[in-house]
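Coordinates from protein25.txt are shown below (compact mmCIF, C-alpha atoms).
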```txt
# COMPACT_ATOMS: atom_id res chain seq x y z
CA MET A 23 12.08 20.46 -4.08
CA LYS A 24 8.88 18.63 -3.11
CA THR A 25 6.10 18.94 -5.65
CA THR A 26 2.37 19.13 -5.02
CA PHE A 27 -0.23 16.57 -6.03
CA ALA A 28 -1.44 18.98 -8.71
CA GLU A 29 2.07 19.38 -10.17
CA ARG A 30 2.74 15.63 -10.20
CA LEU A 31 -0.60 14.96 -11.88
CA ARG A 32 -0.12 17.62 -14.54
CA GLU A 33 3.46 16.53 -15.29
CA SER A 34 2.50 12.85 -15.53
CA ARG A 35 -0.49 13.55 -17.75
CA LYS A 36 1.55 15.64 -20.17
CA ASN A 37 4.34 13.04 -20.22
CA LYS A 38 1.72 10.45 -21.18
CA GLY A 39 0.42 12.73 -23.95
CA LEU A 40 -3.14 12.79 -22.60
CA SER A 41 -5.60 15.65 -22.44
CA GLN A 42 -7.56 16.28 -19.27
CA LYS A 43 -10.67 14.98 -21.01
CA ALA A 44 -8.95 11.80 -22.20
CA LEU A 45 -7.58 11.06 -18.75
CA GLY A 46 -10.97 11.67 -17.18
CA GLU A 47 -12.61 9.26 -19.61
CA MET A 48 -10.03 6.59 -18.81
CA VAL A 49 -10.76 6.68 -15.07
CA GLY A 50 -14.47 7.55 -15.19
CA VAL A 51 -14.43 11.17 -14.00
CA SER A 52 -15.18 14.46 -15.74
CA GLN A 53 -12.65 16.79 -17.34
CA ALA A 54 -13.68 19.36 -14.73
CA ALA A 55 -12.64 16.98 -11.95
CA ILE A 56 -9.18 16.54 -13.47
CA GLN A 57 -8.91 20.30 -13.99
CA LYS A 58 -9.74 20.96 -10.33
CA LEU A 59 -7.04 18.51 -9.25
CA GLU A 60 -4.42 20.09 -11.52
CA LYS A 61 -5.30 23.59 -10.29
CA GLY A 62 -5.10 22.50 -6.66
CA ILE A 63 -8.76 23.32 -6.02
CA ALA A 64 -9.17 19.69 -4.96
CA ILE A 65 -6.05 18.40 -3.19
CA SER A 66 -6.75 14.67 -3.43
CA SER A 67 -9.08 12.19 -5.08
CA SER A 68 -10.58 8.80 -4.29
CA TYR A 69 -9.62 7.93 -7.88
CA THR A 70 -5.89 8.40 -7.29
CA SER A 71 -5.09 4.70 -7.77
CA GLN A 72 -7.01 4.59 -11.05
CA ILE A 73 -5.38 7.83 -12.26
CA ALA A 74 -1.91 6.52 -11.39
CA ALA A 75 -2.59 3.27 -13.26
CA ALA A 76 -3.76 5.21 -16.32
CA LEU A 77 -0.63 7.37 -16.23
CA GLY A 78 1.74 4.48 -15.51
CA VAL A 79 3.15 5.95 -12.29
CA PRO A 80 3.20 4.57 -8.72
CA SER A 81 0.06 5.60 -6.84
CA ILE A 82 2.00 6.30 -3.64
CA TRP A 83 4.22 8.75 -5.53
CA LEU A 84 1.27 10.48 -7.17
CA ALA A 85 -0.50 10.80 -3.81
CA THR A 86 2.45 11.82 -1.61
CA GLY A 87 5.48 12.55 -3.78
CA GLU A 88 7.42 9.73 -2.12
CA ASP A 89 8.88 6.48 -3.41
CA LYS A 90 8.85 7.18 -7.11
CA GLY A 91 11.51 4.50 -7.39
CA GLY A 92 9.02 2.16 -9.05
CA GLU A 93 9.05 2.07 -12.83
CA SER A 94 6.15 2.96 -15.10
CA ILE A 95 3.91 0.14 -16.30
CA PRO A 96 5.97 -1.81 -18.88
CA ASP A 97 5.00 -2.22 -22.49
CA GLU A 98 2.42 -4.97 -23.11
CA SER A 99 5.01 -7.03 -25.00
CA LYS A 100 6.93 -7.41 -21.73
CA TRP A 101 3.99 -8.67 -19.68
CA GLY A 102 4.25 -12.20 -18.42
CA LYS A 103 1.61 -14.87 -18.91
CA VAL A 104 -1.19 -14.98 -16.34
CA SER A 105 -2.17 -18.50 -15.30
CA PRO A 106 -5.45 -19.22 -13.48
CA TRP A 107 -5.25 -21.22 -10.25
CA ASP A 108 -7.34 -22.31 -7.30
CA SER A 109 -6.76 -24.06 -3.98
CA ASN A 110 -6.26 -27.38 -5.78
CA THR A 111 -3.56 -26.08 -8.12
CA PRO A 112 -0.12 -27.45 -7.11
CA LEU A 113 2.46 -24.91 -6.04
CA ASP A 114 5.23 -24.10 -8.50
CA ASP A 115 8.80 -24.56 -7.32
CA ASP A 116 9.11 -20.78 -6.88
CA GLU A 117 5.83 -20.38 -4.95
CA VAL A 118 4.77 -20.49 -1.32
CA GLU A 119 1.42 -20.01 0.38
CA VAL A 120 0.87 -17.58 3.25
CA HIS A 121 -2.07 -17.19 5.61
CA PHE A 122 -4.82 -14.71 4.79
CA LEU A 123 -6.63 -13.45 7.89
CA LYS A 124 -10.07 -11.88 7.93
CA ASP A 125 -9.03 -9.04 10.22
CA ILE A 126 -5.81 -7.32 11.26
CA GLU A 127 -7.06 -7.45 14.86
CA PHE A 128 -6.09 -11.11 15.01
CA ALA A 129 -2.49 -10.59 13.92
CA CYS A 130 0.08 -10.70 16.70
CA GLY A 131 3.46 -9.05 16.94
CA ASP A 132 5.27 -12.38 16.98
CA GLY A 133 3.80 -13.42 13.64
CA THR A 134 1.08 -15.66 15.07
CA TYR A 135 -2.66 -15.21 14.71
CA GLY A 136 -5.92 -16.17 16.35
CA SER A 137 -7.20 -19.53 15.12
CA ASP A 138 -10.77 -18.20 15.15
CA ASP A 139 -9.85 -15.78 12.38
CA HIS A 140 -8.22 -18.22 9.99
CA ASN A 141 -10.45 -20.49 7.94
CA GLY A 142 -7.85 -21.90 5.60
CA PHE A 143 -7.65 -19.03 3.12
CA MET A 144 -4.17 -18.69 1.63
CA LEU A 145 -2.46 -16.37 -0.83
CA ARG A 146 0.46 -17.27 -3.05
CA PHE A 147 3.74 -15.39 -3.39
CA SER A 148 6.79 -16.17 -5.43
CA LYS A 149 9.93 -16.89 -3.46
CA SER A 150 11.74 -14.32 -5.60
CA THR A 151 9.30 -11.63 -4.43
CA LEU A 152 9.82 -12.55 -0.78
CA ARG A 153 13.58 -12.69 -1.31
CA ARG A 154 13.56 -9.24 -2.89
CA VAL A 155 11.86 -7.67 0.15
CA GLY A 156 13.98 -9.59 2.64
CA ALA A 157 11.20 -11.89 3.90
CA ASN A 158 11.66 -15.60 4.56
CA THR A 159 11.31 -17.49 1.29
CA ASP A 160 9.33 -20.26 2.97
CA GLY A 161 6.64 -17.70 3.82
CA SER A 162 7.08 -17.97 7.56
CA GLY A 163 6.36 -14.69 9.29
CA VAL A 164 4.28 -13.35 6.40
CA LEU A 165 0.61 -12.56 7.09
CA CYS A 166 -2.03 -11.04 4.81
CA PHE A 167 -5.24 -9.30 5.83
CA PRO A 168 -7.59 -6.55 4.61
CA ALA A 169 -6.90 -2.97 5.65
CA THR A 170 -9.91 -1.23 7.17
CA GLY A 171 -11.01 2.39 7.28
CA ASN A 172 -10.14 5.41 5.14
CA SER A 173 -7.11 6.78 6.98
CA MET A 174 -4.68 5.54 4.31
CA GLU A 175 -6.74 6.56 1.30
CA PRO A 176 -6.23 7.21 -1.55
CA VAL A 177 -3.18 4.92 -1.62
CA ILE A 178 -4.68 2.07 0.42
CA PRO A 179 -8.49 2.16 0.23
CA ASP A 180 -10.73 0.37 2.70
CA GLY A 181 -10.67 -3.39 2.03
CA THR A 182 -7.26 -3.44 0.35
CA THR A 183 -5.35 -6.67 0.94
CA VAL A 184 -1.92 -6.05 2.46
CA ALA A 185 1.00 -8.36 3.13
CA VAL A 186 3.16 -7.88 6.23
CA ASP A 187 6.55 -9.32 7.10
CA THR A 188 6.30 -9.81 10.86
CA ASN A 189 10.01 -10.57 11.04
CA ASN A 190 10.83 -7.04 9.88
CA LYS A 191 10.09 -4.57 12.67
CA LYS A 192 12.91 -2.07 12.06
CA VAL A 193 11.39 1.38 11.51
CA ILE A 194 12.60 3.12 8.36
CA ASP A 195 11.26 6.62 7.82
CA GLY A 196 8.30 6.76 5.46
CA LYS A 197 7.69 3.02 5.17
CA LEU A 198 4.35 1.40 5.98
CA TYR A 199 3.84 -0.79 9.04
CA ALA A 200 1.13 -2.76 10.78
CA ILE A 201 1.18 -1.51 14.36
CA ASN A 202 -0.57 -2.04 17.66
CA HIS A 203 -1.08 1.34 19.31
CA GLY A 204 -3.02 1.32 22.55
CA GLY A 205 -4.91 -1.80 21.54
CA LEU A 206 -5.75 -0.48 18.06
CA LYS A 207 -4.15 -2.35 15.19
CA ARG A 208 -3.68 -0.20 12.14
CA ILE A 209 -1.67 0.35 8.96
CA LYS A 210 0.39 3.54 9.26
CA GLN A 211 3.42 5.36 7.91
CA LEU A 212 6.10 5.74 10.58
CA TYR A 213 8.93 8.23 11.11
CA LYS A 214 11.57 8.24 13.83
CA MET A 215 11.70 11.52 15.75
CA PRO A 216 14.09 12.99 18.37
CA ASN A 217 13.90 11.92 22.03
CA ASN A 218 12.84 8.37 21.15
CA GLN A 219 9.52 9.51 19.68
CA ILE A 220 7.66 8.01 16.72
CA SER A 221 5.51 9.99 14.29
CA ILE A 222 2.43 8.03 13.18
CA ARG A 223 1.09 9.34 9.88
CA SER A 224 -1.86 8.71 7.59
CA PHE A 225 -2.17 9.51 3.89
CA ASN A 226 -5.62 11.00 4.46
CA LYS A 227 -4.40 14.26 6.02
CA ASP A 228 -7.81 15.92 5.80
CA GLU A 229 -9.33 13.64 8.42
CA PHE A 230 -6.39 12.18 10.33
CA MET A 231 -3.73 14.32 11.99
CA ASP A 232 -0.16 13.15 12.54
CA GLN A 233 0.53 11.76 15.99
CA GLU A 234 3.84 11.84 17.83
CA VAL A 235 4.16 9.32 20.66
CA PRO A 236 6.93 7.61 22.68
CA SER A 237 8.26 4.63 20.74
CA GLN A 238 7.54 2.28 23.65
CA GLU A 239 3.81 2.91 23.20
CA ILE A 240 3.86 1.23 19.80
CA GLU A 241 4.16 -2.46 19.03
CA VAL A 242 5.32 -2.94 15.45
CA ILE A 243 3.62 -6.05 14.09
CA GLY A 244 5.61 -5.91 10.87
CA ARG A 245 6.42 -3.99 7.73
CA VAL A 246 3.93 -3.81 4.86
CA PHE A 247 5.74 -4.88 1.69
CA TRP A 248 2.83 -5.48 -0.70
CA TYR A 249 -0.76 -4.39 -1.22
CA SER A 250 -3.38 -5.15 -3.85
CA VAL A 251 -6.11 -2.73 -4.91
CA ILE A 252 -9.12 -3.57 -7.08
CA LEU A 253 -9.61 -0.66 -9.49
```
Encoded form (structure tokens):
Amino acid sequence: MKTTFAERLRESRKNKGLSQKALGEMVGVSQAAIQKLEKGIAISSSYTSQIAAALGVPSIWLATGEDKGGESIPDESKWGKVSPWDSNTPLDDDEVEVHFLKDIEFACGDGTYGSDDHNGFMLRFSKSTLRRVGANTDGSGVLCFPATGNSMEPVIPDGTTVAVDTNNKKVIDGKLYAINHGGLKRIKQLYKMPNNQISIRSFNKDEFMDQEVPSQEIEVIGRVFWYSVIL
């Protein structure tokens, strides 16, 4: 049975042993704001990512009820060492660099990009991460760029950096994809529907309605397999 945002929030808070006031203080909101969310008076929050981090649950699960497969944040004793690096730091044996574009509009469905958009910025990924998601371990076909707009909030806020595997265009219900729809390039959740239709969905249901269109109207640029949010 699918739970509501309010139920998931209340359950996670109690499992963490936090009061509404304590949780609010952790994320910078009032106890009243948390109370409204748990009562369903407010059905979503721009602080969902921060709340999920405080509770140790995946933000996409807290926001939508889907993909709870991720584990809670591990104990601090299990955290790995963080090493600083810059563009002059040599790559480790298990690392590759991938292109970071300034705008999704320059990403093409074949994994290429407009040279005007790329000024040498790169991001690093471990080969093990790419292997785990089925991407090429040499980084070919992987593009990164900032998401724009508020249609995927609260899970993917405006400006969030996303990584896309342009070699993976197979639509799996509920997964996130970079798509070209009528000349607009966007990050969306896709579902296959009867009669060769595709449902294009946003997380921000209050402002963006689901769309159902013929699959041939959509060019799938690639599947989103990673995103990074500054809290």
query = What is the atom CA of A:Pro168-atom CA of A:Ile82 distance in Å, reported with one decimal?
reply = 18.0 Å
task = Could you please determine the separation between atom CA of A:Thr182 and atom CA of A:Gly87 in Å, to one decimal place?
result = 20.9 Å
ask   = Got a sec: who's within 9 Å of A:Ser173, counting all atoms listed in the file, leaving out chain neighbours fewer than 6 positions off, as an MDAnalysis selection string?
value = chainID A and resid 179:180 209:210 224:227 229:230
message = Need the shell around A:Arg35: protein/DNA/RNA residues with any atom at most 10 Å away, counting all atoms listed in the file. Skip same-chain ones fewer than 3 positions apart. Format as a VMD selection string?
response = chain A and resid 29 to 32 38 to 42 44 to 45 60 73 to 74 76 to 78
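Reported to one decimal place, the separation of atom CA of A:Cys166 from atom CA of A:Val246 is 9.4 Å.
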task = Using only C-alpha atoms, pick whichever of A:Thr25, A:Leu84, A:Val49, A:Glu117 has the shortest atom-to-atom distance to A:Leu152.
result = A:Glu117
message = Can you tell me which residues surround A:Glu239 at a distance of at most 9 Å, considering only C-alpha atoms, apart from same-chain residues fewer than 5 positions away, and format the answer as an NGL selection string?
response = :A and (202-204)
Take stretch 160-171 of chain A, bring it up to all heavy atoms, and give me the output as a PDB file, in the coordinates of the input.
```pdb
ATOM      1  N   ASP A 160      10.300 -19.193   2.721  1.00  0.00           N
ATOM      2  CA  ASP A 160       9.330 -20.260   2.970  1.00  0.00           C
ATOM      3  C   ASP A 160       7.983 -19.692   3.405  1.00  0.00           C
ATOM      4  O   ASP A 160       7.035 -20.437   3.678  1.00  0.00           O
ATOM      5  CB  ASP A 160       9.853 -21.235   4.032  1.00  0.00           C
ATOM      6  CG  ASP A 160      10.090 -20.570   5.390  1.00  0.00           C
ATOM      7  OD1 ASP A 160       9.881 -19.346   5.511  1.00  0.00           O
ATOM      8  OD2 ASP A 160      10.506 -21.286   6.327  1.00  0.00           O
ATOM      9  N   GLY A 161       7.893 -18.341   3.467  1.00  0.00           N
ATOM     10  CA  GLY A 161       6.640 -17.700   3.820  1.00  0.00           C
ATOM     11  C   GLY A 161       6.397 -17.547   5.301  1.00  0.00           C
ATOM     12  O   GLY A 161       5.408 -16.920   5.707  1.00  0.00           O
ATOM     13  N   SER A 162       7.268 -18.094   6.124  1.00  0.00           N
ATOM     14  CA  SER A 162       7.080 -17.970   7.560  1.00  0.00           C
ATOM     15  C   SER A 162       7.233 -16.518   7.994  1.00  0.00           C
ATOM     16  O   SER A 162       8.134 -15.815   7.567  1.00  0.00           O
ATOM     17  CB  SER A 162       8.084 -18.846   8.317  1.00  0.00           C
ATOM     18  OG  SER A 162       9.416 -18.454   8.035  1.00  0.00           O
ATOM     19  N   GLY A 163       6.319 -16.075   8.830  1.00  0.00           N
ATOM     20  CA  GLY A 163       6.360 -14.690   9.290  1.00  0.00           C
ATOM     21  C   GLY A 163       5.593 -13.730   8.414  1.00  0.00           C
ATOM     22  O   GLY A 163       5.462 -12.554   8.754  1.00  0.00           O
ATOM     23  N   VAL A 164       5.049 -14.209   7.292  1.00  0.00           N
ATOM     24  CA  VAL A 164       4.280 -13.350   6.400  1.00  0.00           C
ATOM     25  C   VAL A 164       2.789 -13.571   6.639  1.00  0.00           C
ATOM     26  O   VAL A 164       2.312 -14.710   6.618  1.00  0.00           O
ATOM     27  CB  VAL A 164       4.611 -13.615   4.917  1.00  0.00           C
ATOM     28  CG1 VAL A 164       3.708 -12.793   3.998  1.00  0.00           C
ATOM     29  CG2 VAL A 164       6.073 -13.299   4.639  1.00  0.00           C
ATOM     30  N   LEU A 165       2.057 -12.509   6.899  1.00  0.00           N
ATOM     31  CA  LEU A 165       0.610 -12.560   7.090  1.00  0.00           C
ATOM     32  C   LEU A 165      -0.058 -11.576   6.149  1.00  0.00           C
ATOM     33  O   LEU A 165       0.474 -10.492   5.891  1.00  0.00           O
ATOM     34  CB  LEU A 165       0.241 -12.207   8.538  1.00  0.00           C
ATOM     35  CG  LEU A 165       0.724 -13.136   9.650  1.00  0.00           C
ATOM     36  CD1 LEU A 165       0.316 -12.571  11.010  1.00  0.00           C
ATOM     37  CD2 LEU A 165       0.150 -14.539   9.468  1.00  0.00           C
ATOM     38  N   CYS A 166      -1.233 -11.936   5.652  1.00  0.00           N
ATOM     39  CA  CYS A 166      -2.030 -11.040   4.810  1.00  0.00           C
ATOM     40  C   CYS A 166      -3.384 -10.807   5.468  1.00  0.00           C
ATOM     41  O   CYS A 166      -3.922 -11.702   6.126  1.00  0.00           O
ATOM     42  CB  CYS A 166      -2.236 -11.643   3.424  1.00  0.00           C
ATOM     43  SG  CYS A 166      -0.731 -11.839   2.458  1.00  0.00           S
ATOM     44  N   PHE A 167      -3.920  -9.613   5.296  1.00  0.00           N
ATOM     45  CA  PHE A 167      -5.240  -9.300   5.830  1.00  0.00           C
ATOM     46  C   PHE A 167      -5.752  -8.034   5.148  1.00  0.00           C
ATOM     47  O   PHE A 167      -4.974  -7.280   4.552  1.00  0.00           O
ATOM     48  CB  PHE A 167      -5.209  -9.109   7.350  1.00  0.00           C
ATOM     49  CG  PHE A 167      -4.007  -8.371   7.859  1.00  0.00           C
ATOM     50  CD1 PHE A 167      -3.893  -7.003   7.720  1.00  0.00           C
ATOM     51  CD2 PHE A 167      -2.970  -9.051   8.476  1.00  0.00           C
ATOM     52  CE1 PHE A 167      -2.784  -6.324   8.180  1.00  0.00           C
ATOM     53  CE2 PHE A 167      -1.847  -8.383   8.938  1.00  0.00           C
ATOM     54  CZ  PHE A 167      -1.762  -7.014   8.800  1.00  0.00           C
ATOM     55  N   PRO A 168      -7.054  -7.763   5.220  1.00  0.00           N
ATOM     56  CA  PRO A 168      -7.590  -6.550   4.610  1.00  0.00           C
ATOM     57  C   PRO A 168      -7.400  -5.338   5.507  1.00  0.00           C
ATOM     58  O   PRO A 168      -7.615  -5.409   6.718  1.00  0.00           O
ATOM     59  CB  PRO A 168      -9.083  -6.872   4.433  1.00  0.00           C
ATOM     60  CG  PRO A 168      -9.374  -7.869   5.502  1.00  0.00           C
ATOM     61  CD  PRO A 168      -8.116  -8.674   5.686  1.00  0.00           C
ATOM     62  N   ALA A 169      -6.967  -4.234   4.921  1.00  0.00           N
ATOM     63  CA  ALA A 169      -6.900  -2.970   5.650  1.00  0.00           C
ATOM     64  C   ALA A 169      -8.326  -2.445   5.819  1.00  0.00           C
ATOM     65  O   ALA A 169      -9.182  -2.671   4.974  1.00  0.00           O
ATOM     66  CB  ALA A 169      -6.044  -1.963   4.895  1.00  0.00           C
ATOM     67  N   THR A 170      -8.574  -1.755   6.921  1.00  0.00           N
ATOM     68  CA  THR A 170      -9.910  -1.230   7.170  1.00  0.00           C
ATOM     69  C   THR A 170      -9.858   0.280   7.410  1.00  0.00           C
ATOM     70  O   THR A 170      -8.866   0.800   7.911  1.00  0.00           O
ATOM     71  CB  THR A 170     -10.566  -1.908   8.383  1.00  0.00           C
ATOM     72  OG1 THR A 170      -9.732  -1.732   9.541  1.00  0.00           O
ATOM     73  CG2 THR A 170     -10.751  -3.400   8.139  1.00  0.00           C
ATOM     74  N   GLY A 171     -10.934   0.961   7.063  1.00  0.00           N
ATOM     75  CA  GLY A 171     -11.010   2.390   7.280  1.00  0.00           C
ATOM     76  C   GLY A 171     -10.454   3.193   6.129  1.00  0.00           C
ATOM     77  O   GLY A 171      -9.917   2.652   5.162  1.00  0.00           O
TER      78      GLY A 171
END
```
